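Listing of run20.txt; format and content: compact mmCIF, C-alpha atoms.
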# COMPACT_ATOMS: atom_id res chain seq x y z
CA LEU D 258 22.26 15.66 43.50
CA ARG D 259 25.31 13.99 45.02
CA ALA D 260 26.37 16.11 48.00
CA VAL D 261 29.68 16.15 49.87
CA LYS D 262 29.88 17.96 53.19
CA GLY D 263 32.95 20.08 53.79
CA PRO D 264 34.22 23.29 55.43
CA ASN D 265 32.43 25.39 52.78
CA GLY D 266 29.09 23.64 53.19
CA GLY D 267 27.48 21.07 50.93
CA VAL D 268 29.23 20.78 47.56
CA GLN D 269 26.85 19.28 44.98
CA SER D 270 27.60 17.66 41.65
CA GLU D 271 25.52 16.20 38.83
CA THR D 272 25.79 15.25 35.16
CA PRO D 273 24.97 17.73 32.36
CA LEU D 274 21.98 15.58 31.36
CA ALA D 275 20.53 15.71 34.88
CA PHE D 276 21.17 19.46 35.08
CA LEU D 277 19.42 20.06 31.74
CA HIS D 278 16.51 17.87 32.79
CA ARG D 279 16.03 19.90 35.98
CA MET D 280 16.37 23.17 34.06
CA THR D 281 13.84 22.28 31.35
CA ASN D 282 11.36 21.09 33.99
CA SER D 283 11.61 24.28 36.01
CA THR D 284 11.85 26.80 33.13
CA SER D 285 10.45 27.26 29.63
CA LEU D 286 13.87 26.76 28.03
CA GLU D 287 14.67 23.89 25.67
CA ALA D 288 17.99 22.09 25.60
CA LYS D 289 18.61 22.02 21.83
CA PRO D 290 18.83 25.80 21.18
CA LEU D 291 21.43 26.10 23.94
CA LYS D 292 23.99 24.47 21.61
CA PHE D 293 24.04 27.68 19.58
CA ALA D 294 24.07 30.15 22.49
CA TYR D 295 27.77 31.01 22.23
CA SER D 296 27.92 31.29 18.42
CA ARG D 297 24.74 33.39 18.30
CA LEU D 298 25.99 35.74 21.00
CA SER D 299 29.31 36.16 19.17
CA SER D 300 27.43 36.85 15.93
CA LEU D 301 25.22 39.41 17.65
CA LEU D 302 28.17 41.27 19.16
CA ARG D 303 29.90 41.40 15.76
CA THR D 304 26.72 42.60 14.04
CA LEU D 305 26.27 45.36 16.60
CA GLN D 306 29.98 46.22 16.21
CA VAL D 307 30.55 46.14 19.93
CA SER D 308 34.08 47.43 20.56
CA ASN D 309 34.45 46.84 24.29
CA LEU D 310 33.92 43.08 24.47
CA ASP D 311 35.26 42.96 28.04
CA ASP D 312 31.91 44.33 29.21
CA PHE D 313 30.28 41.12 27.97
CA ASN D 314 32.76 38.60 29.40
CA SER D 315 30.31 37.39 32.04
CA LEU D 316 27.54 36.95 29.47
CA SER D 317 29.97 35.11 27.17
CA ASP D 318 30.88 32.76 30.03
CA VAL D 319 27.19 31.92 30.55
CA ALA D 320 26.68 31.33 26.81
CA ASP D 321 29.80 29.16 26.63
CA PHE D 322 28.61 27.22 29.67
CA ALA D 323 25.19 26.62 28.07
CA THR D 324 26.71 25.52 24.74
CA LEU D 325 29.09 23.01 26.32
CA LEU D 326 26.36 21.77 28.61
CA SER D 327 23.99 21.04 25.74
CA THR D 328 26.63 19.71 23.33
CA TYR D 329 28.02 17.08 25.70
CA SER D 330 24.89 16.06 27.58
CA GLU D 331 24.37 12.70 25.86
CA GLY D 332 26.27 9.43 26.28
CA VAL D 333 29.09 8.95 28.78
CA ALA D 334 29.40 12.03 30.98
CA LYS D 335 32.33 14.13 29.75
CA PHE D 336 31.55 17.02 32.08
CA ALA D 337 30.30 17.44 35.63
CA ILE D 338 28.33 20.33 37.13
CA ILE D 339 29.83 21.27 40.51
CA MET D 340 28.02 23.74 42.75
CA GLU D 341 29.59 25.22 45.86
CA PRO D 342 27.46 27.39 48.18
CA ASN D 343 30.62 29.21 49.26
CA ALA D 344 33.85 28.72 47.30
CA SER D 345 35.74 31.52 49.04
CA SER D 346 38.66 30.60 51.28
CA ILE D 347 38.53 34.02 52.94
CA PRO D 348 36.70 33.89 56.31
CA GLY D 349 33.44 35.82 56.28
CA ALA D 350 33.35 36.23 52.49
CA SER D 351 30.47 34.74 50.49
CA ASP D 352 31.29 33.52 47.00
CA PRO D 353 28.85 30.89 45.62
CA MET D 354 30.20 29.21 42.51
CA ILE D 355 29.01 26.84 39.79
CA GLN D 356 31.60 25.04 37.66
CA LEU D 357 31.51 22.99 34.50
CA ALA D 358 34.35 20.54 35.09
CA CYS D 359 35.73 18.66 32.08
CA LEU D 360 36.22 14.95 32.78
CA ASP D 361 37.74 14.11 29.38
CA ALA D 362 41.00 15.90 28.53
CA SER D 363 40.93 14.57 24.96
CA LEU D 364 38.17 17.10 24.12
CA ALA D 365 40.56 20.01 24.64
CA ILE D 366 43.51 18.61 22.70
CA ALA D 367 41.59 17.00 19.81
CA PRO D 368 41.37 20.26 17.75
CA LEU D 369 45.15 20.61 18.08
CA PHE D 370 45.72 17.15 16.60
CA LYS D 371 43.34 17.94 13.74
CA ARG D 372 44.99 21.25 12.89
CA PHE D 373 48.65 20.24 12.96
CA GLY D 374 50.42 17.27 11.37
CA SER D 375 53.08 17.03 14.08
CA VAL D 376 52.57 17.82 17.76
CA VAL D 377 55.27 17.75 20.45
CA ILE D 378 54.09 17.32 24.04
CA THR D 379 56.66 17.96 26.77
CA SER D 380 56.34 18.20 30.54
CA GLY D 381 58.30 17.59 33.69
CA THR D 382 55.37 15.87 35.41
CA LEU D 383 53.92 13.48 32.79
CA SER D 384 54.41 10.24 34.67
CA PRO D 385 53.73 7.43 34.00
CA ILE D 386 54.31 8.44 30.38
CA ASP D 387 52.25 5.56 28.94
CA LEU D 388 49.09 6.78 30.68
CA TYR D 389 48.69 10.08 28.84
CA PRO D 390 48.19 8.77 25.29
CA LYS D 391 45.30 6.73 26.68
CA LEU D 392 43.79 9.74 28.45
CA LEU D 393 44.23 12.03 25.43
CA GLN D 394 43.23 9.31 22.95
CA PHE D 395 46.14 9.43 20.49
CA GLN D 396 48.92 7.14 19.30
CA PRO D 397 52.40 8.64 19.80
CA ARG D 398 54.98 8.16 17.05
CA VAL D 399 57.88 8.73 19.44
CA SER D 400 57.71 8.52 23.23
CA GLU D 401 60.80 9.29 25.28
CA SER D 402 61.46 9.75 29.00
CA LEU D 403 64.62 11.63 30.00
CA ASN D 404 66.17 11.40 33.43
CA MET D 405 66.73 14.64 35.31
CA SER D 406 68.69 15.42 38.44
CA THR D 407 68.56 18.50 40.63
CA PHE D 408 72.10 17.87 41.92
CA ARG D 409 73.71 20.49 39.72
CA PRO D 410 75.80 23.54 40.71
CA CYS D 411 73.27 25.95 39.14
CA ILE D 412 70.39 24.75 41.33
CA ARG D 413 70.35 24.81 45.12
CA PRO D 414 67.11 23.29 46.46
CA LEU D 415 66.36 24.21 50.06
CA ILE D 416 63.60 22.99 52.35
CA VAL D 417 62.52 25.56 54.94
CA THR D 418 60.64 24.13 57.92
CA ARG D 419 60.71 27.09 60.32
CA GLY D 420 60.32 30.82 60.02
CA SER D 421 62.45 33.56 61.54
CA ASP D 422 60.41 33.30 64.74
CA GLN D 423 61.09 29.51 64.86
CA LEU D 424 57.45 28.66 64.20
CA THR D 425 56.84 25.67 61.90
CA VAL D 426 55.93 26.57 58.32
CA SER D 427 54.15 24.16 55.99
CA THR D 428 51.89 24.14 52.92
CA ARG D 429 49.79 21.28 54.28
CA TYR D 430 46.09 21.93 53.77
CA GLU D 431 45.31 21.98 57.48
CA ASP D 432 48.07 24.57 58.11
CA ARG D 433 47.25 26.97 55.29
CA GLY D 434 44.93 29.13 57.38
CA ASP D 435 47.47 29.53 60.20
CA MET D 436 48.36 33.22 60.39
CA GLY D 437 51.82 32.33 61.71
CA VAL D 438 52.51 30.32 58.55
CA VAL D 439 51.15 33.10 56.32
CA ARG D 440 53.21 35.75 58.12
CA ASN D 441 56.43 33.71 58.01
CA TYR D 442 56.14 32.95 54.30
CA GLY D 443 55.57 36.65 53.66
CA ALA D 444 58.56 37.67 55.78
CA MET D 445 60.72 35.06 54.05
CA LEU D 446 59.73 36.37 50.60
CA VAL D 447 60.45 39.97 51.64
CA GLU D 448 63.92 39.01 52.91
CA LEU D 449 64.73 37.03 49.76
CA CYS D 450 63.57 39.83 47.47
CA SER D 451 65.65 42.39 49.33
CA ALA D 452 68.79 40.21 49.02
CA ILE D 453 68.41 38.82 45.48
CA PRO D 454 69.29 41.42 42.81
CA ASP D 455 67.44 39.68 39.97
CA GLY D 456 63.85 38.52 39.52
CA VAL D 457 62.10 36.17 41.95
CA VAL D 458 59.20 33.82 41.17
CA ALA D 459 56.92 32.59 43.98
CA PHE D 460 54.78 29.53 43.23
CA PHE D 461 51.57 28.62 45.09
CA THR D 462 49.74 25.29 45.31
CA SER D 463 46.60 26.74 43.69
CA TYR D 464 45.05 29.99 42.49
CA SER D 465 42.58 30.03 45.38
CA TYR D 466 45.39 29.62 47.92
CA MET D 467 47.37 32.40 46.23
CA GLU D 468 44.38 34.76 46.33
CA SER D 469 43.87 34.03 50.03
CA ILE D 470 47.56 34.55 50.86
CA VAL D 471 47.85 37.74 48.82
CA SER D 472 44.78 39.14 50.59
CA GLU D 473 46.33 38.41 54.00
CA TRP D 474 49.71 39.79 52.92
CA ASP D 475 48.07 43.00 51.79
CA ALA D 476 46.46 43.40 55.23
CA MET D 477 49.79 42.64 56.94
CA GLY D 478 51.72 45.15 54.82
CA VAL D 479 53.84 42.44 53.19
CA LEU D 480 53.00 43.57 49.64
CA ARG D 481 53.95 47.14 50.50
CA ARG D 482 57.34 45.93 51.78
CA LEU D 483 57.84 43.80 48.65
CA THR D 484 57.33 46.80 46.37
CA ARG D 485 60.29 48.53 48.00
CA SER D 486 62.68 46.10 46.30
CA LYS D 487 60.69 44.51 43.45
CA LEU D 488 57.99 45.33 40.93
CA VAL D 489 55.24 42.84 41.82
CA PHE D 490 53.23 40.99 39.17
CA ILE D 491 50.42 38.62 40.20
CA GLU D 492 49.28 35.98 37.70
CA THR D 493 45.57 35.32 37.26
CA LYS D 494 43.53 32.75 35.33
CA ASP D 495 42.67 35.51 32.83
CA VAL D 496 45.52 35.88 30.31
CA VAL D 497 44.44 39.39 29.29
CA GLU D 498 44.19 40.56 32.90
CA THR D 499 47.61 39.11 33.72
CA THR D 500 49.29 40.92 30.82
CA LEU D 501 47.80 44.22 31.95
Could you rewrite the structure in this file as structure tokens?
Amino acid sequence: LRAVKGPNGGVQSETPLAFLHRMTNSTSLEAKPLKFAYSRLSSLLRTLQVSNLDDFNSLSDVADFATLLSTYSEGVAKFAIIMEPNASSIPGASDPMIQLACLDASLAIAPLFKRFGSVVITSGTLSPIDLYPKLLQFQPRVSESLNMSTFRPCIRPLIVTRGSDQLTVSTRYEDRGDMGVVRNYGAMLVELCSAIPDGVVAFFTSYSYMESIVSEWDAMGVLRRLTRSKLVFIETKDVVETTL
């Protein structure tokens, strides 16, 4: 395994083929039947007429993992197995994690191209625009880049470098764990929400950073203060959970 030392210990990565080879050598499982793990589990749940499928989400994730692992194990590596002994950003918490990271974005978008005759792809961050057709393996019929400016009366971008206590605030990786930064961002959000009559959206650099900040804000009472002026919704990676 290729290991990279970091603050969360040794992060290891390997190809699906190497992972399957290790698994078949250490267990009695064979690689070929794993291709049908997800479809067979789905068929079993339908046959048993299971109504509460949420109870089997974790098992479905394992079956999906096994199917993808076996399907794309040959040839050029399209996935990577990443194992972290502790993926939690919360001090003292233990959260080992194994990920199946997709290295080829064309796999995800290929079914879309097959299903629809015309596909429109838009984004504010697709730059350089010529790179993405190569990554997604398609030939665009029309490719257009439109200039955009933030110097408009309806948008007022502001850069805040200090909190109300004059401490420096920053989203730099090395400053994210600073409790002064966490506290000041929370206080700033509370003040904005109490002054702005409409909705407010707060963006974070990643889901893991958001989870860490929200946990700290809950301990500091920031979330309780936010609920005095706004109804708080927190987005998650799970679409169903977010809508609830």
Any idea what the distance is between CA of Pro390 in chain D and CA of Asp321 in chain D?
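According to the coordinates, CA of Pro390 in chain D and CA of Asp321 in chain D are separated by 27.5 Å.
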Which residue, D:Leu480, D:Val439, D:Met445, D:Val333, has the smallest gap to Asp361 in chain D when you use all atoms listed in the file?
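Among the listed residues, D:Val333 lies closest to Asp361 in chain D.
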Identify which of the residues D:Thr382, D:Thr493, D:Thr324, D:Gln356 lies closest to Val268 in chain D, counting all atoms listed in the file when measuring atom-to-atom distances.
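When distances to Val268 in chain D are compared using all atoms listed in the file, the smallest one comes from D:Gln356.
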Report the centre and edge lengths, in Å to one decimal, of an axis-aligned box enclosing every atom of range 323-340 of chain D listed in the file, padded by 5 Å on each side, as lines of an AutoDock Vina configuration file.
center_x = 28.2
center_y = 17.8
center_z = 33.0
size_x = 18.3
size_y = 27.7
size_z = 29.4
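Closest approach to Lys487 in chain D among D:Glu473, D:Asp422, D:Asp455, D:Glu431 is made by D:Asp455 (distances from all atoms listed in the file).
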If we count only C-alpha atoms and set the cut-off at 9 Å, which residues sit around range 282-299 of chain D, ignoring sequence neighbours fewer than 3 positions away in its own chain? Please answer as number ranges by chain.
D: 277-279, 302-304, 316-328
Choose the residue, out of D:Pro273, D:Pro397, D:Gly434, D:Gly456, that has the smallest atom-to-atom separation from Val489 in chain D; count all atoms listed in the file.
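When distances to Val489 in chain D are compared using all atoms listed in the file, the smallest one comes from D:Gly456.
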Near-Tyr389 in chain D list (12 Å; all atoms listed in the file; drop same-chain fewer than 5 positions) as a list in words:
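Final neighbour list, sorted by chain and number: Asp361, Ala362, Ser363, Ile366, Ile378, Thr379, Ser380, Thr382, Leu383, Ser384, Gln394, Phe395, Gln396, Pro397 and Ser400 of chain D.
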With C-alpha atoms retained, write the just-selected residues as a CSV table (one decimal), keeping the file's coordinate frame.
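The result, written out as part_34.csv:
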chain,number,residue,atom,x,y,z
D,361,ASP,CA,37.7,14.1,29.4
D,362,ALA,CA,41.0,15.9,28.5
D,363,SER,CA,40.9,14.6,25.0
D,366,ILE,CA,43.5,18.6,22.7
D,378,ILE,CA,54.1,17.3,24.0
D,379,THR,CA,56.7,18.0,26.8
D,380,SER,CA,56.3,18.2,30.5
D,382,THR,CA,55.4,15.9,35.4
D,383,LEU,CA,53.9,13.5,32.8
D,384,SER,CA,54.4,10.2,34.7
D,394,GLN,CA,43.2,9.3,23.0
D,395,PHE,CA,46.1,9.4,20.5
D,396,GLN,CA,48.9,7.1,19.3
D,397,PRO,CA,52.4,8.6,19.8
D,400,SER,CA,57.7,8.5,23.2
For Thr272 in chain D, which residue out of D:Ile470, D:Val458, D:Leu369, D:Ile338 is the nearest one, using only C-alpha atoms?
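Of D:Ile470, D:Val458, D:Leu369, D:Ile338, the one nearest Thr272 in chain D, counting only C-alpha atoms, is D:Ile338.
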Choose the residue, out of D:Leu364, D:Leu415, D:Val447, D:Pro353, that has the smallest atom-to-atom separation from Leu392 in chain D; count all atoms listed in the file.
D:Leu364
Using Å and a single decimal, report how far CA of Arg440 in chain D sits from CA of Leu483 in chain D.
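About the pair CA of Leu483 in chain D and CA of Arg440 in chain D: they are 13.3 Å apart.
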Within 10 Å of Ser486 in chain D, counting only C-alpha atoms, which residues qualify if same-chain residues fewer than 4 places away don't, as a PDB file with C-alpha atoms, in the coordinates of the input?
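For reference, part.pdb as written:
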ATOM      1  CA  VAL D 447      60.450  39.970  51.640  1.00  0.00           C
ATOM      2  CA  GLU D 448      63.920  39.010  52.910  1.00  0.00           C
ATOM      3  CA  LEU D 449      64.730  37.030  49.760  1.00  0.00           C
ATOM      4  CA  CYS D 450      63.570  39.830  47.470  1.00  0.00           C
ATOM      5  CA  SER D 451      65.650  42.390  49.330  1.00  0.00           C
ATOM      6  CA  ALA D 452      68.790  40.210  49.020  1.00  0.00           C
ATOM      7  CA  ILE D 453      68.410  38.820  45.480  1.00  0.00           C
ATOM      8  CA  PRO D 454      69.290  41.420  42.810  1.00  0.00           C
ATOM      9  CA  ARG D 481      53.950  47.140  50.500  1.00  0.00           C
ATOM     10  CA  ARG D 482      57.340  45.930  51.780  1.00  0.00           C
TER      11      ARG D 482
END
Separation of CA of Ile355 in chain D from CA of Gln269 in chain D in Å
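Going from CA of Gln269 in chain D over to CA of Ile355 in chain D covers 9.4 Å.
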